[in-house]
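One file, target34.tsv, carrying TSV, C-alpha atoms:
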```
chain	number	residue	atom	x	y	z
X	1	MET	CA	50.12	24.17	-124.06
X	2	GLY	CA	50.89	24.77	-127.70
X	3	SER	CA	49.05	23.26	-130.60
X	4	THR	CA	49.96	19.93	-132.13
X	5	CYS	CA	51.43	21.66	-135.18
X	6	GLU	CA	53.67	23.84	-133.01
X	7	LEU	CA	54.87	20.81	-131.10
X	8	ARG	CA	55.53	18.93	-134.27
X	9	ALA	CA	57.54	21.86	-135.67
X	10	LEU	CA	59.53	22.13	-132.45
X	11	VAL	CA	60.30	18.42	-132.45
X	12	TYR	CA	61.41	18.53	-136.09
X	13	CYS	CA	63.63	21.51	-135.34
X	14	LEU	CA	65.22	19.81	-132.33
X	15	LEU	CA	65.73	16.57	-134.18
X	16	GLN	CA	67.38	18.29	-137.11
X	17	LYS	CA	69.77	20.11	-134.79
X	18	ALA	CA	70.68	16.84	-133.09
X	19	ARG	CA	71.26	15.30	-136.53
X	20	VAL	CA	69.05	12.32	-135.86
X	21	THR	CA	68.23	10.26	-138.88
X	22	HIS	CA	64.92	10.59	-140.65
X	23	THR	CA	63.83	7.12	-139.52
X	24	MET	CA	64.60	7.95	-135.89
X	25	SER	CA	62.66	11.19	-136.09
X	26	LYS	CA	59.63	9.38	-137.53
X	27	LEU	CA	59.82	6.82	-134.76
X	28	PHE	CA	60.14	9.58	-132.13
X	29	LEU	CA	57.10	11.37	-133.54
X	30	GLN	CA	55.12	8.15	-133.63
X	31	VAL	CA	55.87	7.47	-129.97
X	32	CYS	CA	55.94	10.94	-128.36
X	33	LEU	CA	53.31	12.78	-130.35
X	34	PRO	CA	50.45	10.38	-129.47
X	35	HIS	CA	51.44	10.68	-125.79
X	36	TYR	CA	51.35	14.49	-126.02
X	37	VAL	CA	48.00	14.40	-127.88
X	38	ASN	CA	46.68	11.96	-125.26
X	39	GLN	CA	47.74	14.31	-122.44
X	40	GLU	CA	46.15	17.25	-124.23
X	41	LEU	CA	42.90	15.31	-124.69
X	42	LYS	CA	42.91	14.33	-121.00
X	43	GLN	CA	43.27	17.97	-120.05
X	44	GLN	CA	40.41	18.96	-122.38
X	45	ILE	CA	38.25	16.22	-120.84
X	46	GLN	CA	39.01	17.53	-117.35
X	47	THR	CA	38.16	21.07	-118.43
X	48	LEU	CA	34.90	19.92	-120.00
X	49	SER	CA	34.09	17.90	-116.88
X	50	ALA	CA	34.58	20.97	-114.70
X	51	GLU	CA	32.43	23.06	-117.04
X	52	SER	CA	29.76	20.33	-117.00
X	53	GLU	CA	29.71	20.35	-113.19
X	54	SER	CA	29.50	24.12	-113.21
X	55	LEU	CA	26.54	24.00	-115.61
X	56	LYS	CA	24.82	21.34	-113.50
X	57	SER	CA	25.23	23.55	-110.44
X	58	LEU	CA	23.92	26.56	-112.34
X	59	ILE	CA	20.89	24.59	-113.57
X	60	THR	CA	20.19	23.37	-110.03
X	61	HIS	CA	20.33	26.93	-108.69
X	62	GLN	CA	18.13	28.13	-111.56
X	63	ARG	CA	15.52	25.44	-110.86
X	64	ALA	CA	15.58	26.29	-107.15
X	65	ALA	CA	15.09	29.98	-107.99
X	66	GLU	CA	12.21	29.15	-110.35
X	67	SER	CA	10.63	26.96	-107.67
X	68	HIS	CA	10.96	29.81	-105.17
X	69	GLU	CA	9.42	32.23	-107.68
X	70	THR	CA	6.53	29.81	-108.26
X	71	GLN	CA	5.88	29.66	-104.52
X	72	GLY	CA	6.14	33.43	-104.37
X	73	THR	CA	3.66	33.70	-107.25
X	74	SER	CA	0.84	32.29	-105.12
X	75	LEU	CA	1.56	34.95	-102.52
X	76	ASP	CA	1.79	37.50	-105.29
X	77	ALA	CA	-1.61	36.40	-106.61
X	78	GLU	CA	-3.16	37.00	-103.19
X	79	THR	CA	-1.39	40.33	-102.91
X	80	LYS	CA	-2.52	41.26	-106.42
X	81	SER	CA	-6.08	40.35	-105.49
X	82	ASN	CA	-5.89	42.55	-102.39
X	83	LEU	CA	-4.37	45.40	-104.39
X	84	GLU	CA	-7.08	45.08	-107.02
X	85	SER	CA	-9.73	45.24	-104.29
X	86	TYR	CA	-8.10	48.33	-102.77
X	87	ARG	CA	-7.82	49.92	-106.20
X	88	LYS	CA	-11.53	49.39	-106.85
X	89	GLU	CA	-12.41	50.83	-103.46
X	90	TYR	CA	-10.17	53.83	-104.11
X	91	ASP	CA	-11.72	54.33	-107.54
X	92	ASP	CA	-15.19	54.18	-105.98
X	93	LEU	CA	-14.17	56.73	-103.34
X	94	CYS	CA	-12.72	59.04	-105.98
X	95	LYS	CA	-15.89	58.73	-108.04
X	96	PHE	CA	-18.03	59.46	-104.97
X	97	ARG	CA	-15.80	62.43	-104.08
X	98	CYS	CA	-16.18	63.88	-107.57
X	99	GLN	CA	-19.94	63.38	-107.47
X	100	ALA	CA	-20.16	64.90	-103.97
X	101	GLN	CA	-18.09	67.94	-105.02
X	102	SER	CA	-20.29	68.34	-108.07
X	103	GLU	CA	-23.44	68.11	-105.93
X	104	ILE	CA	-22.03	70.55	-103.36
X	105	GLN	CA	-21.19	72.99	-106.17
X	106	ARG	CA	-24.72	72.64	-107.56
X	107	LEU	CA	-26.20	73.19	-104.09
X	108	ASN	CA	-23.96	76.24	-103.51
X	109	THR	CA	-25.14	77.72	-106.80
X	110	ARG	CA	-28.75	77.05	-105.85
X	111	LEU	CA	-28.16	78.49	-102.34
X	112	THR	CA	-26.65	81.63	-103.86
X	113	GLU	CA	-29.70	82.01	-106.11
X	114	LEU	CA	-32.08	81.49	-103.18
X	115	SER	CA	-30.08	83.88	-101.04
X	116	SER	CA	-30.34	86.59	-103.67
X	117	LYS	CA	-34.10	85.94	-103.99
X	118	VAL	CA	-34.50	86.07	-100.17
X	119	GLU	CA	-32.64	89.39	-100.16
X	120	ALA	CA	-34.89	90.66	-102.92
X	121	VAL	CA	-37.99	89.54	-101.00
X	122	GLY	CA	-36.54	91.08	-97.80
X	123	LYS	CA	-36.00	94.37	-99.59
X	124	ALA	CA	-39.48	94.23	-100.99
X	125	VAL	CA	-40.92	93.61	-97.51
X	126	ASP	CA	-38.85	96.48	-96.12
X	127	GLU	CA	-40.04	98.77	-98.92
X	128	LEU	CA	-43.64	97.72	-98.30
X	129	GLN	CA	-43.30	98.47	-94.64
X	130	ASP	CA	-41.65	101.80	-95.38
X	131	TYR	CA	-44.41	102.64	-97.88
X	132	SER	CA	-47.21	101.68	-95.50
X	133	TYR	CA	-46.02	104.06	-92.76
```
Encoded form (structure tokens):
Amino acid sequence: MGSTCELRALVYCLLQKARVTHTMSKLFLQVCLPHYVNQELKQQIQTLSAESESLKSLITHQRAAESHETQGTSLDAETKSNLESYRKEYDDLCKFRCQAQSEIQRLNTRLTELSSKVEAVGKAVDELQDYSY
């Protein structure tokens, strides 16, 4: 629907073409224009009512979703607790693995040193035996 000003201009144009007197045109505007404005306001009220219902529905769905998320949060808290426990265990295992690798490396170095000393002692024993014959 057009605006009130457009309607008023249209009515004035039509009334001038029909050569209705100025008094008649004022009377026509006083009777018809309020009816048109009333109809327009009714339509706006219906539109606002529909929008209001839509917003109410949206708010209801939003509250339901928030309620569901709140219920899910307690499960998430338990899951987070479990994950935190697993993370700590994994961190402990990684720390132990690093320490074990470090210890194994240290022992390998020590074993290599001892092996070379045993070889040296073995050679010395062999040389002593060779010298004594």
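As for CA of Leu48 (chain X) and CA of Gln62 (chain X), they are spaced 20.5 Å apart.
As for CA of Leu41 (chain X) and CA of Cys5 (chain X), they are spaced 14.9 Å apart.
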**Request:** Would you work out the distance separating CA of Leu7 (chain X) from CA of Gln44 (chain X), expressed in Å to one decimal?
**Result:** 17.0 Å
